[in-house]
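Chemist: Mind looking over this structure? Questions follow.
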Amino acid sequence: MLRLFQHTRLQVGVWLRAQVGRSPARQARRKGGLARRGCPSPGLGAQRPISGHLRSPLTLNPRESGGKAELPPLGPPRWLSCRWWTCWFPVELTIPEAWVGQEVPLLWESDGEGLVWRDGQPVQGLTKEGEKTSYILTDKLEEGDPRSLTLYVEVACNGLLGAGKESMIAAPDPEKMFQVSRAELAVFYRDVHSLLVDLELLLGIAKGLGEDNQRSFQALYTANQMVNVCDPAQPETFPVAQALASRFFGQRGGESQHTIHAVGHCHIDTAWLWPFKETVRKCARSWTTAVQLMEQNPDFVFACSQAQQLEWVKSHYPGLHARLQEFACRGQFVPVGGTWVEMDGNLPSGEAMVRQFLQGQNFFLQEFGKMCSEFWLPDTFGYSAQLPQIMRGCGITRFLSQKLSWSLVNSFPHHTFFWEGLDGSRVLAHFPPGDSYGMQGNVEEVLKTMVKNRDKGRTNHSAFLFGFGDGGGGPTQTMVDRLKRLHNTDGLPRVQLSSPGRLFTALEGDSGQLCTWVGELFLELHQGTYTTHAQIKKGNRECERILHDVELLSSLALARGAQFLYPAAQLQDLWRLLLLNQFHDVVTGSCIQLVAEEAMCHYEDIRSRGNTLLSAAAAALCMGEPGPEGLLIVNTLPWERTEVLALPRSGGAHSLALVTVPSMGYAPAPAPTSLQPVQPQQPVFVVQETDGSVTLDNGIIRVRLDPTGCLTSLVLVASGREAIAEGAVGNQFVLFDDVPLYWDAWDVMDYHLETRKPVLGQAGTLAVGAEGGMRGSAWFLLQISPNSRLSQEVVLDVGCPYVRFHTEVHWHEAHKFLKVEFPARVRSPQATYEVQFGHLQRPTHHNTSWDWARFEVWAHRWMDLSEHGFGLALLNDCKYGASVRGSVLSLSLLRAPKAPDASADMGRHEFTYALMPHKGSLQDAGVIQAAYSLNFPLLALPAPGPAPAAAWSAFSLSSPAVVLETVKQAESSPQGRTLVLRLYEAHGSHVDCWLRTSLPVQEAVLCDLLERRDPAGHLPFRDARLKLTFSPFQVQSLLLVLGPARTETLPLGL
């Protein structure tokens, strides 16, 4: 039997005597200065551990006896507890003299991941599941080398994939214990390891190629010969066996062999079944190991995504960050992706997606000297049809993913293809044919990558991403050894240790015959993530709005005041918090409770600090203006709005006022005593019939509610057209059983539709709220189940084309799904859904399996079902899950999964949705503008001094097809007076549009999404306006260089 190790054994539990809960610094003070404040050990001043407990020293001091190193037995092991913390083990080692000339590792196994610290630096991760259970102390012990040394091993009190109770995705078990089970010094026999790798690969070839393949028998025969000539008791026979293997692996394949590009990779979820702080430590463990591999293998390349994780390493492990920069200069450490985190591909807004790239690419440029050329998103739950345009606008033309291999119904037909987005932008896309980002380099995976490739004949290159992922760990030396053996072996595809750049360059050379996929890449799985954790979804939508408003008002204050300081640093901090929460296991709600709570804290921070910045910008806009003290009414959207607004009055009261505010500007609030004429608009009439039903009518739409609160009629008054299907009711709440096959928080299965149960209200609960005039409303209560209840106010304002449903739910369910339905008197084979910077159509039928698989889809602020001349739109302020089946519009409201967060969605929720019948197309009827207005309410901001006496507009557009989405200060001029404007065509049309501004513009020039000037993009600016030309769903950005502002002293941005 071949011996891989000669070792000494030690049971470590008796040394775990330190009190759980004591910090390293406090323990150090008690032990007389073992570590400085905030440092885990002497000499670690350059590093900042995230958290931890210090354990008593673990002494490995084997005594020599008869040529062997032995240790006395030290009793049974003890257990580690206290989830999400780490325990620090000072490990005192003495290497026996008999081991001179040998390779000596420390063997370590623990249930939690470990990190070895040596001479004040993290040097290697230890992960049992990731096959990293040894740390090489010396590859050859020399006579003059020290025999004694002290290491520190930091061990996490959680498993590689968290601490789930009984299953991986179960909620964390508070009683779960973690054990250190092995701590040994050993001699490692490298030649034995090499033989084992050879034999493993030969047997893999024999099995993988099958009994009908000549090469299979050659592999088996070679392995048999090796066993015959190798005598475990005579190491001098090992080279003979190795020569046999080398001869086999040296037999070359033909020039036409498929080429596999093997790239080291370590996908680490920024948060998932563990909190953010544990991810920081996972990065250190994984990347120190990658650094070791890069040192030992000059041809090994490691690809690493997510700027946020690199920023954490820079902050907490600066020495490691410096090493990564060093290897990036050598071309071995390759940042990829270009984004701040690997975000969800469905739920973030278009502007948030742009900011992922803006923050990520700028970080990579600053820290590593160049931007990424590949978008790297291997593990997210779908891909928006606008991503190709956003990628190209951020300097990226290449895309890698693999998640569509998880689709439950249909197999995606390509692995290498062109992906064409909503506007016609195309990028080269590649999905590794092995359908994994965590390969281990064995023969089975190599053959699968070749055999499963769905684009044979069109391209002859594939990616092979190897290394333990999800929980981290990354590649191992054994994986590298396997792949090197298979470099060019007859019977197998050619394997190269490669890089993302070399892979895509090869693919581009073969791209002439590639197919094109047009539109979204829809994952037919994990459709529950559009709804799970509704409070996170609401926080996301609200914080996207807050940052939009802060940037706009701060930009206007900058333009109008010479002394206003744009809060660039503060906004960057807030954006990075929001982008962090848009990681694909956070905003989707597929995370543990602790992560969800941290995310909610991030949202609260954005709200609090954002509102402070908003007030500061409003105060700056008011400075120097004539007029009485009062309120500034601000419209942050690029069209004029006339709406009913509740204005705060003295004593905490509110009064309704009908206000008109120009586009992206402000107006003074009406005086409390002024009358509010509603003419020529008809006031709202509210009538309650004797049967308890209520009718609301504002002359635009007429709403009739039955005594239980269901919508029995919705009429477009001008045409008399009824929007609700005959014999049906709208605003019908329905409850479904929601029991997925496995992925609880992630999945909703199609069979849940078979369990539909309407929630029936009780007659007599409907009552009139606001009695009419400017606003009419009715409200009701609904008992959803014995444990859950709902209250709702149905509101109609003067001049408003839609009716709002303000909803409060107290939700306490298990595996239930709450939706609200609106059967429409409309027939169409397609419904339209808003996505980032545009909209797309999806089928309302189930003709094919591709149609059927979209029983639950995602949308942003609206969806619409239209036939020629008429349609019905359903708007919302914080929901994403939706569907249109036949003629029934359905909005997904709340789920109740129990894993990985048993408390997900439990408690109180508030949200608003709205229903808008319309004449003609959704574009001509203003559905898009209505949804924006619902999501971006007019702001009534207190003016610390006199409020402006006259209305003022900063920007306006000549075409309703164009939306001015963003106004912000340019990243390149933090102290300067250059603004960035981002606009997009929203109707799906070619259009010319005039942008008018009252700001002192000196120069206007087009730029890309990273705010880099287009050399040919100068725009003539005359008479306070400029002309822009758009194609359907095109996004354009421009730089406005401002002239001098007025010189009144304005308050600084906080």
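Letters A, B, ... mark the chains of the structure tokens in the order given; residue numbers begin at 1 per chain; ligand numbers begin at 1, in order shown.
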So that I can see what lies close to A:Leu874, please list as a list in words the residues with an atom at most 8 Å from it, counting only C-alpha atoms and leaving out residues fewer than 4 positions away in the same chain.

Modeler: Trp862, Met863, Asp864, Leu889, Tyr913, Ala914, Leu915 and Met916 of chain A

Chemist: Restricted to N, CA, C and O atoms, what would the selected residues look like written as a PDB file, in the first residue's frame?

Modeler:
```pdb
ATOM      1  N   TRP A 862     -44.613  48.238 -13.817  1.00  0.00           N
ATOM      2  CA  TRP A 862     -45.927  48.070 -14.451  1.00  0.00           C
ATOM      3  C   TRP A 862     -45.940  46.852 -15.369  1.00  0.00           C
ATOM      4  O   TRP A 862     -44.908  46.376 -15.827  1.00  0.00           O
ATOM      5  N   MET A 863     -47.146  46.380 -15.606  1.00  0.00           N
ATOM      6  CA  MET A 863     -47.398  45.419 -16.685  1.00  0.00           C
ATOM      7  C   MET A 863     -48.715  45.831 -17.329  1.00  0.00           C
ATOM      8  O   MET A 863     -49.557  46.501 -16.715  1.00  0.00           O
ATOM      9  N   ASP A 864     -48.881  45.413 -18.591  1.00  0.00           N
ATOM     10  CA  ASP A 864     -50.021  45.915 -19.353  1.00  0.00           C
ATOM     11  C   ASP A 864     -50.535  44.826 -20.278  1.00  0.00           C
ATOM     12  O   ASP A 864     -49.757  44.083 -20.882  1.00  0.00           O
ATOM     13  N   LEU A 889     -54.676  39.520 -15.089  1.00  0.00           N
ATOM     14  CA  LEU A 889     -53.441  40.113 -14.593  1.00  0.00           C
ATOM     15  C   LEU A 889     -53.296  39.767 -13.119  1.00  0.00           C
ATOM     16  O   LEU A 889     -54.225  39.978 -12.327  1.00  0.00           O
ATOM     17  N   TYR A 913     -50.542  49.244  -5.045  1.00  0.00           N
ATOM     18  CA  TYR A 913     -50.614  48.971  -6.465  1.00  0.00           C
ATOM     19  C   TYR A 913     -51.749  49.799  -7.041  1.00  0.00           C
ATOM     20  O   TYR A 913     -52.556  50.389  -6.294  1.00  0.00           O
ATOM     21  N   ALA A 914     -51.785  49.912  -8.344  1.00  0.00           N
ATOM     22  CA  ALA A 914     -52.778  50.784  -8.981  1.00  0.00           C
ATOM     23  C   ALA A 914     -53.226  50.167 -10.288  1.00  0.00           C
ATOM     24  O   ALA A 914     -52.493  49.387 -10.914  1.00  0.00           O
ATOM     25  N   LEU A 915     -54.439  50.518 -10.699  1.00  0.00           N
ATOM     26  CA  LEU A 915     -55.027  49.968 -11.918  1.00  0.00           C
ATOM     27  C   LEU A 915     -55.382  51.123 -12.844  1.00  0.00           C
ATOM     28  O   LEU A 915     -56.032  52.092 -12.423  1.00  0.00           O
ATOM     29  N   MET A 916     -54.965  51.003 -14.110  1.00  0.00           N
ATOM     30  CA  MET A 916     -55.146  52.098 -15.059  1.00  0.00           C
ATOM     31  C   MET A 916     -55.714  51.572 -16.376  1.00  0.00           C
ATOM     32  O   MET A 916     -55.004  50.982 -17.179  1.00  0.00           O
TER      33      MET A 916
END
```

Chemist: DSSP on the backbone: what in stretch 108-335 of chain A comes out helix (DSSP H, G or I), as a PyMOL selection string?

Modeler: chain A and resi 190-209+214-229+235-249+276-296+307-316+318-330

Chemist: Hey, which of A:Gln732, A:Trp312, A:Leu185, A:Thr86 ends up closest to A:Trp108? Count only C-alpha atoms.

Modeler: A:Leu185

Chemist: Name the residues in contact with A:Leu347 at a cut-off of 9 Å, using only C-alpha atoms, excluding same-chain residues fewer than 2 positions from it; report them as a PyMOL selection string.

Modeler: chain A and resi 344-345+349+384+530+537+540+582+587-588+835-836+858-860+880

Chemist: Can you work out which one of A:Val336, A:Ala245, A:Ala824, A:Val659 has the shortest atom-to-atom distance to A:Val715, counting only C-alpha atoms?

Modeler: A:Ala824

Chemist: So which one's closest to A:Ala616, A:Pro942, A:Gly441, A:Pro232, A:Pro1044? Using only C-alpha atoms, please.

Modeler: A:Pro942

Chemist: Can you work out the spacing between atom CA of A:Ile592 and atom CA of A:Ala171 in Å, to one decimal?

Modeler: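 Separation between atom CA of A:Ile592 and atom CA of A:Ala171: 6.6 Å.
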
Chemist: Would you pick out the contacts of A:Gln366 at 12 Å or less, using only C-alpha atoms, so that residues sharing its chain but fewer than 6 positions from it are not included, and give the list as a PyMOL selection string?

Modeler: chain A and resi 307+310-311+325+359-360+372

Chemist: As a ChimeraX atom specification, please: the residues near A:Val927 (cut-off 12 Å, only C-alpha atoms, same-chain neighbours under 6 positions excluded).

Modeler: /A:800-802,832-834,839,861-866,871-876,914-921,933-934,960-961,986-987

Chemist: Using only C-alpha atoms, find the one residue out of A:Leu796, A:Ala618, A:Ala931, A:Ala763 that sits nearest to A:Pro946.

Modeler: A:Ala618

Chemist: Could you name the residues that touch A:Asp470 at 8 Å or less, counting only C-alpha atoms, but leaving out those on the same chain fewer than 2 positions away, as a PDB file with C-alpha atoms, in the first residue's frame?

Modeler:
```
ATOM      1  CA  LEU A 161     -22.018  26.378   3.674  1.00  0.00           C
ATOM      2  CA  CYS A 266     -13.538  30.538  -6.750  1.00  0.00           C
ATOM      3  CA  HIS A 267     -17.116  31.768  -6.778  1.00  0.00           C
ATOM      4  CA  ILE A 268     -17.855  33.199  -3.335  1.00  0.00           C
ATOM      5  CA  ASP A 269     -21.367  34.348  -2.542  1.00  0.00           C
ATOM      6  CA  PHE A 468     -14.272  24.849  -5.085  1.00  0.00           C
ATOM      7  CA  GLY A 472     -15.110  29.245  -1.309  1.00  0.00           C
TER       8      GLY A 472
END
```

Chemist: Please provide as a ChimeraX atom specification all residues within 8 Å of A:Asn698, with the sequence filter that same-chain residues fewer than 5 positions apart are discarded (counting only C-alpha atoms).

Modeler: /A:682-685,796-800

Chemist: Could those selected residues go to a file with N, CA, C and O atoms, as a PDB file, in the first residue's frame?

Modeler:
```pdb
ATOM      1  N   GLN A 682     -62.934  67.684 -13.166  1.00  0.00           N
ATOM      2  CA  GLN A 682     -64.097  67.304 -12.368  1.00  0.00           C
ATOM      3  C   GLN A 682     -63.658  66.817 -10.999  1.00  0.00           C
ATOM      4  O   GLN A 682     -62.692  66.072 -10.881  1.00  0.00           O
ATOM      5  N   PRO A 683     -64.310  67.210  -9.941  1.00  0.00           N
ATOM      6  CA  PRO A 683     -63.987  66.670  -8.619  1.00  0.00           C
ATOM      7  C   PRO A 683     -64.364  65.196  -8.537  1.00  0.00           C
ATOM      8  O   PRO A 683     -65.077  64.656  -9.379  1.00  0.00           O
ATOM      9  N   VAL A 684     -63.869  64.569  -7.479  1.00  0.00           N
ATOM     10  CA  VAL A 684     -64.170  63.157  -7.262  1.00  0.00           C
ATOM     11  C   VAL A 684     -65.513  63.048  -6.549  1.00  0.00           C
ATOM     12  O   VAL A 684     -65.753  63.730  -5.542  1.00  0.00           O
ATOM     13  N   PHE A 685     -66.385  62.208  -7.084  1.00  0.00           N
ATOM     14  CA  PHE A 685     -67.661  61.927  -6.438  1.00  0.00           C
ATOM     15  C   PHE A 685     -67.597  60.543  -5.789  1.00  0.00           C
ATOM     16  O   PHE A 685     -67.084  59.593  -6.374  1.00  0.00           O
ATOM     17  N   LEU A 796     -59.018  57.373  -5.140  1.00  0.00           N
ATOM     18  CA  LEU A 796     -59.095  58.009  -6.453  1.00  0.00           C
ATOM     19  C   LEU A 796     -58.958  59.517  -6.268  1.00  0.00           C
ATOM     20  O   LEU A 796     -59.717  60.129  -5.499  1.00  0.00           O
ATOM     21  N   ASP A 797     -57.993  60.123  -6.957  1.00  0.00           N
ATOM     22  CA  ASP A 797     -57.742  61.557  -6.861  1.00  0.00           C
ATOM     23  C   ASP A 797     -58.289  62.279  -8.086  1.00  0.00           C
ATOM     24  O   ASP A 797     -58.437  61.692  -9.171  1.00  0.00           O
ATOM     25  N   VAL A 798     -58.526  63.554  -7.927  1.00  0.00           N
ATOM     26  CA  VAL A 798     -58.969  64.378  -9.032  1.00  0.00           C
ATOM     27  C   VAL A 798     -57.893  64.384 -10.117  1.00  0.00           C
ATOM     28  O   VAL A 798     -56.697  64.472  -9.844  1.00  0.00           O
ATOM     29  N   GLY A 799     -58.309  64.189 -11.354  1.00  0.00           N
ATOM     30  CA  GLY A 799     -57.395  64.251 -12.485  1.00  0.00           C
ATOM     31  C   GLY A 799     -56.483  63.057 -12.642  1.00  0.00           C
ATOM     32  O   GLY A 799     -55.639  63.046 -13.545  1.00  0.00           O
ATOM     33  N   CYS A 800     -56.624  62.051 -11.817  1.00  0.00           N
ATOM     34  CA  CYS A 800     -55.700  60.913 -11.860  1.00  0.00           C
ATOM     35  C   CYS A 800     -56.271  59.810 -12.753  1.00  0.00           C
ATOM     36  O   CYS A 800     -57.437  59.417 -12.586  1.00  0.00           O
TER      37      CYS A 800
END
```

Chemist: In Å, with one decimal, what is the gap from atom CA of A:Arg426 to atom CA of A:Ser256?

Modeler: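 Between these atoms lies a distance of 28.7 Å.
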
Chemist: Point out the residue among A:Ala534, A:Leu521, A:Thr997, A:Arg281 with the least atom-to-atom distance to A:Ser663, counting only C-alpha atoms.

Modeler: A:Thr997

Chemist: For a test of reading the model, state the distance in Å between atom CA of A:Arg454 and atom CA of A:Ile396, rounded to one decimal.

Modeler: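 Between atom CA of A:Arg454 and atom CA of A:Ile396 the gap works out to 24.4 Å.
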
Chemist: Can you check which residues of stretch 943-1054 of chain A DSSP gives as strand (DSSP E or B) on the backbone and send them as a ChimeraX atom specification?

Modeler: /A:943-946,952-953,955-957,962-969,978-985,991-997,1001-1007,1013-1018,1022,1025-1030,1035-1042,1046

Chemist: Nearest residue to A:Pro493 out of A:Ala262, A:Ile546, A:Val1001, A:Val586, using only C-alpha atoms?

Modeler: A:Ala262
